[in-house]
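Colleague: my_file_36.cif is reproduced below (mmCIF, C-alpha atoms and all ligand atoms).
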data_protein
#
loop_
_atom_site.label_atom_id
_atom_site.label_comp_id
_atom_site.auth_asym_id
_atom_site.auth_seq_id
_atom_site.Cartn_x
_atom_site.Cartn_y
_atom_site.Cartn_z
CA MET A 116 98.02 115.43 91.61
CA LEU A 117 98.62 114.41 95.24
CA GLU A 118 102.25 113.68 94.37
CA ALA A 119 102.79 117.28 93.15
CA ARG A 120 101.14 118.63 96.31
CA LYS A 121 103.36 116.41 98.42
CA ILE A 122 106.51 117.82 96.77
CA ARG A 123 105.22 121.35 97.38
CA LEU A 124 104.53 120.53 101.03
CA VAL A 125 108.03 119.10 101.55
CA MET A 126 109.51 122.29 100.06
CA GLU A 127 107.36 124.37 102.39
CA LEU A 128 108.50 122.32 105.40
CA ARG A 129 112.14 122.86 104.41
CA GLN A 130 111.59 126.61 104.16
CA GLN A 131 110.00 126.60 107.59
CA GLY A 132 113.14 125.09 109.10
CA ILE A 133 112.84 121.32 108.80
CA THR A 134 116.25 120.97 107.25
CA ASP A 135 117.17 117.43 108.28
CA GLN A 136 117.10 115.57 104.97
CA ALA A 137 116.43 112.19 106.61
CA VAL A 138 113.31 113.64 108.28
CA LEU A 139 112.09 115.22 105.03
CA SER A 140 112.62 111.93 103.17
CA ALA A 141 110.76 110.00 105.85
CA ILE A 142 107.81 112.40 105.49
CA GLU A 143 107.99 112.09 101.72
CA ARG A 144 107.77 108.29 101.91
CA VAL A 145 104.56 108.21 103.95
CA PRO A 146 101.29 108.69 102.01
CA ARG A 147 99.41 111.03 104.40
CA GLU A 148 96.14 110.48 102.49
CA ALA A 149 96.13 106.88 103.73
CA PHE A 150 95.69 108.14 107.30
CA ILE A 151 92.71 110.48 106.88
CA PRO A 152 89.04 110.10 105.93
CA GLU A 153 88.38 110.04 102.18
CA SER A 154 86.46 113.32 102.29
CA PHE A 155 89.67 115.12 103.27
CA HIS A 156 91.98 113.48 100.72
CA ASP A 157 92.29 116.63 98.63
CA GLN A 158 93.72 118.38 101.72
CA ALA A 159 96.15 115.57 102.59
CA TYR A 160 99.21 117.67 101.68
CA GLU A 161 98.11 120.99 103.09
CA ASN A 162 100.01 122.04 106.15
CA THR A 163 97.03 121.68 108.49
CA ALA A 164 95.72 119.34 111.16
CA LEU A 165 92.65 117.34 110.05
CA PRO A 166 89.91 115.46 111.93
CA ILE A 167 90.26 111.67 112.16
CA GLY A 168 87.10 110.90 114.17
CA HIS A 169 86.39 110.46 117.90
CA GLY A 170 87.21 114.16 118.35
CA GLN A 171 90.88 113.50 117.55
CA THR A 172 93.11 114.99 114.86
CA ILE A 173 96.07 114.05 112.68
CA SER A 174 98.80 116.58 113.51
CA GLN A 175 99.88 119.34 111.15
CA PRO A 176 102.75 118.13 108.88
CA SER A 177 105.09 120.90 110.06
CA VAL A 178 104.46 119.92 113.69
CA VAL A 179 105.18 116.26 112.86
CA GLY A 180 108.35 117.41 111.06
CA PHE A 181 109.60 119.68 113.84
CA MET A 182 108.91 117.12 116.56
CA THR A 183 110.62 114.37 114.57
CA GLN A 184 113.64 116.58 113.86
CA ALA A 185 113.90 117.63 117.52
CA LEU A 186 114.03 113.96 118.56
CA GLU A 187 117.51 113.54 116.97
CA ILE A 188 116.71 109.97 115.93
CA GLY A 189 119.37 107.37 115.18
CA SER A 190 118.71 104.29 113.07
CA ARG A 191 119.25 101.82 115.96
CA MET A 192 116.88 103.54 118.36
CA LYS A 193 113.70 102.39 120.10
CA ILE A 194 111.02 105.05 120.36
CA LEU A 195 107.87 105.17 122.49
CA GLU A 196 104.94 107.22 121.22
CA VAL A 197 102.02 108.10 123.50
CA GLY A 198 98.90 108.70 121.36
CA THR A 199 98.95 106.62 118.16
CA GLY A 200 95.89 108.42 116.75
CA CYS A 201 95.73 107.56 113.07
CA GLY A 202 99.29 106.23 113.08
CA TYR A 203 100.81 108.91 110.85
CA GLN A 204 103.49 110.15 113.25
CA ALA A 205 104.38 106.52 114.06
CA ALA A 206 104.76 105.80 110.33
CA VAL A 207 107.15 108.75 109.90
CA LEU A 208 109.20 107.70 112.95
CA ALA A 209 109.29 104.10 111.68
CA GLY A 210 111.25 105.24 108.64
CA LEU A 211 114.04 106.60 110.84
CA CYS A 212 114.55 104.20 113.73
CA ARG A 213 114.71 100.51 114.61
CA ARG A 214 111.29 100.13 116.26
CA VAL A 215 108.40 102.31 117.35
CA TYR A 216 106.20 101.31 120.28
CA SER A 217 102.97 103.27 120.29
CA VAL A 218 100.17 103.34 122.87
CA GLU A 219 96.63 104.58 122.20
CA ARG A 220 93.71 104.74 124.65
CA PHE A 221 90.96 104.63 121.94
CA ARG A 222 90.50 101.06 120.87
CA GLU A 223 88.72 101.97 117.61
CA LEU A 224 91.45 104.38 116.52
CA LEU A 225 94.07 101.76 117.22
CA ARG A 226 92.20 99.11 115.20
CA SER A 227 92.23 101.32 112.12
CA SER A 228 95.79 102.55 112.53
CA ASP A 229 96.99 98.95 112.89
CA ALA A 230 95.21 98.05 109.64
CA ARG A 231 96.73 101.05 107.83
CA LEU A 232 100.27 100.35 108.99
CA ARG A 233 99.84 96.72 107.90
CA ASP A 234 98.53 97.75 104.45
CA LEU A 235 101.50 100.08 104.02
CA ARG A 236 103.84 97.23 105.06
CA ILE A 237 105.30 99.25 107.90
CA ASN A 238 106.46 96.37 110.05
CA ASN A 239 108.52 98.04 112.75
CA VAL A 240 105.66 99.66 114.67
CA THR A 241 104.22 97.72 117.62
CA THR A 242 101.07 99.13 119.15
CA LYS A 243 99.16 98.61 122.35
CA TRP A 244 95.70 99.62 123.55
CA GLY A 245 96.20 101.25 126.93
CA ASP A 246 96.84 104.37 128.96
CA GLY A 247 100.10 105.73 127.62
CA GLY A 248 100.61 107.63 130.85
CA ALA A 249 101.95 104.36 132.21
CA GLY A 250 104.34 103.94 129.28
CA TRP A 251 105.31 100.43 128.23
CA PRO A 252 107.56 99.08 131.01
CA GLU A 253 108.01 95.65 129.34
CA GLN A 254 109.70 97.29 126.33
CA ALA A 255 111.74 99.91 128.23
CA PRO A 256 114.25 101.47 128.11
CA PHE A 257 113.49 103.80 125.21
CA ASP A 258 116.03 106.04 123.50
CA ARG A 259 113.38 108.53 122.50
CA MET A 260 109.83 109.34 123.53
CA ILE A 261 107.16 111.48 121.90
CA LEU A 262 103.90 112.52 123.53
CA THR A 263 101.29 113.55 120.98
CA ALA A 264 98.71 114.62 123.58
CA ALA A 265 99.28 117.48 126.02
CA ALA A 266 100.05 116.86 129.67
CA LYS A 267 100.70 119.09 132.67
CA GLU A 268 104.09 117.43 132.99
CA VAL A 269 105.81 114.24 131.83
CA PRO A 270 104.81 111.55 134.36
CA LYS A 271 107.73 110.23 136.39
CA VAL A 272 106.96 106.64 135.28
CA LEU A 273 107.72 107.73 131.72
CA LEU A 274 111.00 109.42 132.68
CA ASP A 275 111.97 106.17 134.41
CA GLN A 276 111.58 104.24 131.12
CA MET A 277 114.24 106.26 129.29
CA THR A 278 117.87 105.47 128.54
CA ASP A 279 120.66 107.51 130.15
CA ASP A 280 120.88 109.83 127.15
CA GLY A 281 117.19 109.81 126.28
CA ILE A 282 115.28 112.68 124.68
CA ILE A 283 111.56 113.34 125.11
CA ILE A 284 109.45 115.73 123.06
CA ALA A 285 106.09 116.61 124.58
CA PRO A 286 103.40 119.28 124.42
CA ILE A 287 103.19 120.63 127.95
CA GLY A 288 100.34 122.76 129.25
CA THR A 289 97.03 122.60 131.05
CA THR A 290 94.73 124.23 128.47
CA THR A 291 94.56 124.14 124.65
CA HIS A 292 95.51 127.81 124.56
CA ASP A 293 98.54 127.58 126.76
CA GLN A 294 100.77 124.77 125.54
CA SER A 295 104.37 124.61 124.44
CA LEU A 296 106.40 121.90 122.91
CA VAL A 297 109.15 121.02 125.35
CA LYS A 298 112.34 119.06 124.68
CA PHE A 299 113.64 117.10 127.67
CA ARG A 300 117.17 115.73 127.62
CA HIS A 301 118.53 113.19 130.10
CA LEU A 302 121.87 114.48 131.43
CA PRO A 303 124.82 112.36 132.62
CA SER A 304 124.04 113.55 136.16
CA GLY A 305 120.68 111.77 135.87
CA GLU A 306 118.80 115.06 135.86
CA TRP A 307 116.58 116.27 133.05
CA ASP A 308 117.25 119.45 131.13
CA SER A 309 114.20 121.09 129.56
CA GLU A 310 114.00 123.52 126.67
CA GLU A 311 110.78 125.20 125.58
CA LEU A 312 110.51 125.10 121.78
CA TRP A 313 107.28 126.61 120.42
CA PRO A 314 103.62 127.13 121.27
CA VAL A 315 101.41 124.27 120.02
CA ARG A 316 97.82 123.01 120.31
CA PHE A 317 97.32 119.35 121.07
CA VAL A 318 94.33 117.44 122.45
CA PRO A 319 94.75 116.65 126.16
CA MET A 320 96.31 113.46 127.42
CA LEU A 321 93.52 111.67 129.31
CA ASP A 322 93.53 108.86 131.84
CA GLY A 323 92.13 105.41 131.20
CA THR A 324 91.02 103.67 128.01
CA ILE A 325 87.99 103.87 125.69
CA GLY A 326 86.59 100.77 123.96
CA ASP A 327 85.29 97.30 124.64
CA THR A 328 87.36 94.42 125.85
CA SER A 329 85.72 91.82 123.59
CA ASN A 330 87.19 90.67 120.25
CA GLN A 331 90.74 91.26 121.36
N1 LIG B 1 100.23 110.89 116.76
C1 LIG B 1 98.91 111.03 116.19
C2 LIG B 1 98.17 112.26 116.67
C3 LIG B 1 97.48 111.91 117.87
S1 LIG B 1 96.26 112.96 118.51
C4 LIG B 1 98.93 111.03 114.69
O1 LIG B 1 99.99 110.99 114.08
O2 LIG B 1 97.85 111.03 114.13
C5 LIG B 1 96.46 112.44 120.20
C6 LIG B 1 96.10 111.02 120.49
O3 LIG B 1 96.46 110.76 121.83
C7 LIG B 1 94.60 110.71 120.38
O4 LIG B 1 94.42 109.64 119.52
C8 LIG B 1 94.21 110.38 121.81
O5 LIG B 1 93.19 109.40 121.89
C9 LIG B 1 95.52 109.87 122.37
N2 LIG B 1 95.64 109.89 123.83
C10 LIG B 1 95.26 110.84 124.72
N3 LIG B 1 95.58 110.49 125.97
C11 LIG B 1 96.20 109.28 125.90
C12 LIG B 1 96.75 108.37 126.85
N4 LIG B 1 96.75 108.64 128.16
N5 LIG B 1 97.28 107.21 126.40
C13 LIG B 1 97.30 106.91 125.09
N6 LIG B 1 96.78 107.72 124.14
C14 LIG B 1 96.23 108.89 124.52
#
What would the structure in this file look like if it were written as structure tokens?
Ligand code: SAH
Modeller:
Amino acid sequence: MLEARKIRLVMELRQQGITDQAVLSAIERVPREAFIPESFHDQAYENTALPIGHGQTISQPSVVGFMTQALEIGSRMKILEVGTGCGYQAAVLAGLCRRVYSVERFRELLRSSDARLRDLRINNVTTKWGDGGAGWPEQAPFDRMILTAAAKEVPKVLLDQMTDDGIIIAPIGTTTHDQSLVKFRHLPSGEWDSEELWPVRFVPMLDGTIGDTSNQ
């Protein structure tokens, strides 16, 4: 049942313009139902965002697909994700690159996404509880970066953690109703080119962390 819905979803994504076969295959290999609460399992392969608790959402499959495609991922690349959430986007990226580093500010969300990724035997995702606005300097430089929470701009500390030909995809905007996905490309001159892709709606990127420091 879910398998048939998954095939239909992948066809829909292709029709919408996600034409990169490697991206479509990566989406096909990740069981989205494993990342959402049981009560939403029947909607796992509908092209919609769904709640994952703590006021956060798992992104819409087409948004995951378009962002992943826009990243132009190569198999040897290191990718930084800001906003692990339920871990779904990280799982899709993991199928396309060498290693994903993902930072989440909600300790509880990270605990469950770590458990899911382990159960699915996705071994090339490393996560960290922290404020992703600071990036992950110890693991830099990154070939690619994806922000899955909206910011006013990409913080300079994140730009500084990118390779010379790095690409960043990020939802940029100050309110939920005025956000666009923006693709930033590091130019040989050292400057960053930016291209506005489409309007999107992401939760805001917030400072600091949420959760206790015990039981680490
Ligand atoms: N990529 C996720 C979707 C994440 S929703 C997925 O595939 O499910 C956005 C996430 O960003 C939320 O979990 C939110 O807690 C997190 N977030 C917001 N601001 C952050 C910050 N400064 N650092 C790290 N994570 C942040």
Colleague: Using only C-alpha atoms, which protein or nucleic acid residues come within 9 Å of stretch 164-170 of chain A? Drop anything in the same chain fewer than 2 positions from it, and give the result as a list in words.
Modeller: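 With the cut-off at 9 Å, the set is Phe150, Ile151, Pro152, Phe155, Gln158, Ala159, Glu161, Asn162, Thr172, Ile173, Ser174, Gln175, Pro176, Gly200, Cys201, Phe221, Glu223, Leu224 and Val318 of chain A.
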Colleague: Could you save the residues just selected, with C-alpha atoms, as a short mmCIF file (atom, residue, chain, number, x, y, z; two decimals), in the frame of the given file?
Modeller:
data_model
loop_
_atom_site.label_atom_id
_atom_site.label_comp_id
_atom_site.auth_asym_id
_atom_site.auth_seq_id
_atom_site.Cartn_x
_atom_site.Cartn_y
_atom_site.Cartn_z
CA PHE A 150 95.69 108.14 107.30
CA ILE A 151 92.71 110.48 106.88
CA PRO A 152 89.04 110.10 105.93
CA PHE A 155 89.67 115.12 103.27
CA GLN A 158 93.72 118.38 101.72
CA ALA A 159 96.15 115.57 102.59
CA GLU A 161 98.11 120.99 103.09
CA ASN A 162 100.01 122.04 106.15
CA THR A 172 93.11 114.99 114.86
CA ILE A 173 96.07 114.05 112.68
CA SER A 174 98.80 116.58 113.51
CA GLN A 175 99.88 119.34 111.15
CA PRO A 176 102.75 118.13 108.88
CA GLY A 200 95.89 108.42 116.75
CA CYS A 201 95.73 107.56 113.07
CA PHE A 221 90.96 104.63 121.94
CA GLU A 223 88.72 101.97 117.61
CA LEU A 224 91.45 104.38 116.52
CA VAL A 318 94.33 117.44 122.45
#
Colleague: Contacts of A:Gly281 at 10 Å or less, counting only C-alpha atoms, minus same-chain residues fewer than 3 places along, as an MDAnalysis selection string?
Modeller: chainID A and resid 186 194 256:260 274 276:278 299:302 307
Colleague: What separation in Å, quoted to one decimal, exists between atom CA of A:Val207 and atom CA of A:Ile287?
Modeller: 22.0 Å
Colleague: Which residue is closest to A:Val218? Choose from A:Met320, A:Val145, A:Ile283, A:Ile122 and count all atoms listed in the file.
Modeller: A:Met320
Colleague: Using all atoms listed in the file, pick whichever of A:Lys193, A:Arg233, A:Arg147, A:His292 has the shortest atom-to-atom distance to ligand LIG 1 (chain B).
Modeller: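 Result for the nearest residue to ligand LIG 1 (chain B): A:Arg147.
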Colleague: Which is closer to ligand LIG 1 (chain B) than all the others in A:Met116, A:Val125, A:Ala206, A:Leu296, using all atoms listed in the file?
Modeller: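 For ligand LIG 1 (chain B), the nearest of the given residues is A:Ala206.
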Colleague: Edge lengths and centre in Å to one decimal, as lines of an AutoDock Vina configuration file, is what I'm after for the box along x, y and z that holds all listed atoms of stretch 146-165 of chain A once 4 Å is added on each side.
Modeller:
center_x = 93.9
center_y = 114.5
center_z = 104.9
size_x = 22.8
size_y = 23.2
size_z = 20.5
Colleague: Quote the spacing between atom CA of A:Leu211 and atom CA of A:Leu139 in Å to one decimal place.
Modeller: 10.6 Å
Colleague: Given the choices A:Glu143, A:Ala149, A:Asp246, A:Glu268, which gets closest to A:Ser228 if the distance is worked out from only C-alpha atoms?
Modeller: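 When distances to A:Ser228 are compared using only C-alpha atoms, the smallest one comes from A:Ala149.
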Colleague: Separation of atom C4 of ligand LIG 1 (chain B) and atom CA of A:Val178, in Å?
Modeller: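 Atom C4 of ligand LIG 1 (chain B) sits 10.5 Å away from atom CA of A:Val178.
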Colleague: Measuring between all atoms listed in the file, which one of A:Asn238, A:Ser304, A:Thr183, A:Thr263 shows the shortest distance to A:Thr199?
Modeller: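 Answer, going by the shortest atom-to-atom distance: A:Thr263.
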Colleague: Give as a count of residues only every residue, naming chains and numbers as the document does, that has an atom within 9 Å of (102.2, 120.0, 130.5), counting all atoms listed in the file.
Modeller: 15
Colleague: My list of candidates is A:Asp135, A:Glu219, A:Glu148, A:Glu118. Which is closest to ligand LIG 1 (chain B) when distances are computed with only C-alpha atoms and all ligand atoms?
Modeller: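 For ligand LIG 1 (chain B), the nearest of the given residues is A:Glu219.
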Colleague: Leaving out A:Arg220 and any residue of its chain fewer than 3 positions from it, which residues lie within 7 Å of it when counting only C-alpha atoms, given as an NGL selection string?
Modeller: :A and (244-246 or 323-325)
Colleague: Start from the incomplete input, build all heavy atoms for stretch 150-161 of chain A, and deliver everything as an mmCIF file, in the frame of the given file.
Modeller:
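Final output, saved to part-v9.cif:
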data_model
loop_
_atom_site.group_PDB
_atom_site.id
_atom_site.type_symbol
_atom_site.label_atom_id
_atom_site.label_comp_id
_atom_site.auth_asym_id
_atom_site.auth_seq_id
_atom_site.Cartn_x
_atom_site.Cartn_y
_atom_site.Cartn_z
ATOM 1 N N PHE A 150 95.950 108.045 105.866
ATOM 2 C CA PHE A 150 95.690 108.140 107.300
ATOM 3 C C PHE A 150 94.471 109.007 107.638
ATOM 4 O O PHE A 150 94.151 109.194 108.804
ATOM 5 C CB PHE A 150 96.921 108.704 108.029
ATOM 6 C CG PHE A 150 98.090 107.755 107.981
ATOM 7 C CD1 PHE A 150 98.933 107.723 106.870
ATOM 8 C CD2 PHE A 150 98.326 106.866 109.026
ATOM 9 C CE1 PHE A 150 100.004 106.833 106.815
ATOM 10 C CE2 PHE A 150 99.384 105.979 108.974
ATOM 11 C CZ PHE A 150 100.223 105.962 107.869
ATOM 12 N N ILE A 151 93.827 109.565 106.596
ATOM 13 C CA ILE A 151 92.710 110.480 106.880
ATOM 14 C C ILE A 151 91.455 110.035 106.134
ATOM 15 O O ILE A 151 91.539 109.311 105.143
ATOM 16 C CB ILE A 151 93.084 111.934 106.480
ATOM 17 C CG1 ILE A 151 93.488 112.000 105.002
ATOM 18 C CG2 ILE A 151 94.204 112.469 107.348
ATOM 19 C CD1 ILE A 151 93.871 113.374 104.549
ATOM 20 N N PRO A 152 90.276 110.488 106.613
ATOM 21 C CA PRO A 152 89.040 110.100 105.930
ATOM 22 C C PRO A 152 89.052 110.565 104.473
ATOM 23 O O PRO A 152 89.617 111.621 104.148
ATOM 24 C CB PRO A 152 87.954 110.838 106.721
ATOM 25 C CG PRO A 152 88.573 111.198 108.030
ATOM 26 C CD PRO A 152 90.032 111.338 107.783
ATOM 27 N N GLU A 153 88.407 109.773 103.619
ATOM 28 C CA GLU A 153 88.380 110.040 102.180
ATOM 29 C C GLU A 153 87.950 111.471 101.839
ATOM 30 O O GLU A 153 88.504 112.090 100.933
ATOM 31 C CB GLU A 153 87.424 109.029 101.526
ATOM 32 C CG GLU A 153 87.440 109.095 100.026
ATOM 33 C CD GLU A 153 87.708 107.739 99.394
ATOM 34 O OE1 GLU A 153 87.344 106.727 100.022
ATOM 35 O OE2 GLU A 153 88.274 107.726 98.290
ATOM 36 N N SER A 154 86.985 111.989 102.609
ATOM 37 C CA SER A 154 86.460 113.320 102.290
ATOM 38 C C SER A 154 87.507 114.425 102.452
ATOM 39 O O SER A 154 87.320 115.535 101.974
ATOM 40 C CB SER A 154 85.249 113.624 103.171
ATOM 41 O OG SER A 154 85.581 113.376 104.524
ATOM 42 N N PHE A 155 88.618 114.121 103.094
ATOM 43 C CA PHE A 155 89.670 115.120 103.270
ATOM 44 C C PHE A 155 90.894 114.864 102.392
ATOM 45 O O PHE A 155 91.906 115.548 102.509
ATOM 46 C CB PHE A 155 90.123 115.182 104.742
ATOM 47 C CG PHE A 155 89.098 115.754 105.653
ATOM 48 C CD1 PHE A 155 88.332 114.936 106.458
ATOM 49 C CD2 PHE A 155 88.866 117.127 105.692
ATOM 50 C CE1 PHE A 155 87.367 115.456 107.304
ATOM 51 C CE2 PHE A 155 87.901 117.667 106.533
ATOM 52 C CZ PHE A 155 87.143 116.828 107.336
ATOM 53 N N HIS A 156 90.797 113.851 101.510
ATOM 54 C CA HIS A 156 91.980 113.480 100.720
ATOM 55 C C HIS A 156 92.586 114.631 99.925
ATOM 56 O O HIS A 156 93.799 114.726 99.814
ATOM 57 C CB HIS A 156 91.648 112.308 99.778
ATOM 58 C CG HIS A 156 91.787 110.992 100.465
ATOM 59 N ND1 HIS A 156 91.778 109.795 99.807
ATOM 60 C CD2 HIS A 156 91.954 110.699 101.771
ATOM 61 C CE1 HIS A 156 91.921 108.814 100.685
ATOM 62 N NE2 HIS A 156 92.014 109.341 101.889
ATOM 63 N N ASP A 157 91.735 115.515 99.413
ATOM 64 C CA ASP A 157 92.290 116.630 98.630
ATOM 65 C C ASP A 157 93.102 117.592 99.499
ATOM 66 O O ASP A 157 93.874 118.391 98.988
ATOM 67 C CB ASP A 157 91.172 117.377 97.872
ATOM 68 C CG ASP A 157 90.122 117.942 98.820
ATOM 69 O OD1 ASP A 157 89.927 117.347 99.907
ATOM 70 O OD2 ASP A 157 89.526 118.976 98.481
ATOM 71 N N GLN A 158 92.936 117.501 100.823
ATOM 72 C CA GLN A 158 93.720 118.380 101.720
ATOM 73 C C GLN A 158 94.892 117.651 102.369
ATOM 74 O O GLN A 158 95.546 118.191 103.259
ATOM 75 C CB GLN A 158 92.821 118.914 102.839
ATOM 76 C CG GLN A 158 91.690 119.795 102.346
ATOM 77 C CD GLN A 158 90.785 120.184 103.504
ATOM 78 O OE1 GLN A 158 91.250 120.687 104.526
ATOM 79 N NE2 GLN A 158 89.498 119.935 103.359
ATOM 80 N N ALA A 159 95.147 116.416 101.924
ATOM 81 C CA ALA A 159 96.150 115.570 102.590
ATOM 82 C C ALA A 159 97.520 116.256 102.688
ATOM 83 O O ALA A 159 98.248 116.058 103.659
ATOM 84 C CB ALA A 159 96.278 114.238 101.866
ATOM 85 N N TYR A 160 97.871 117.059 101.676
ATOM 86 C CA TYR A 160 99.210 117.670 101.680
ATOM 87 C C TYR A 160 99.175 119.172 101.938
ATOM 88 O O TYR A 160 100.086 119.904 101.568
ATOM 89 C CB TYR A 160 99.972 117.299 100.406
ATOM 90 C CG TYR A 160 100.240 115.803 100.420
ATOM 91 C CD1 TYR A 160 99.488 114.943 99.635
ATOM 92 C CD2 TYR A 160 101.187 115.269 101.282
ATOM 93 C CE1 TYR A 160 99.692 113.565 99.706
ATOM 94 C CE2 TYR A 160 101.398 113.904 101.358
ATOM 95 C CZ TYR A 160 100.649 113.062 100.570
ATOM 96 O OH TYR A 160 100.847 111.703 100.656
ATOM 97 N N GLU A 161 98.098 119.620 102.599
ATOM 98 C CA GLU A 161 98.110 120.990 103.090
ATOM 99 C C GLU A 161 98.682 120.952 104.495
ATOM 100 O O GLU A 161 98.526 119.965 105.204
ATOM 101 C CB GLU A 161 96.699 121.573 103.065
ATOM 102 C CG GLU A 161 96.372 122.002 101.645
ATOM 103 C CD GLU A 161 94.928 122.372 101.435
ATOM 104 O OE1 GLU A 161 94.297 122.823 102.393
ATOM 105 O OE2 GLU A 161 94.475 122.199 100.305
#
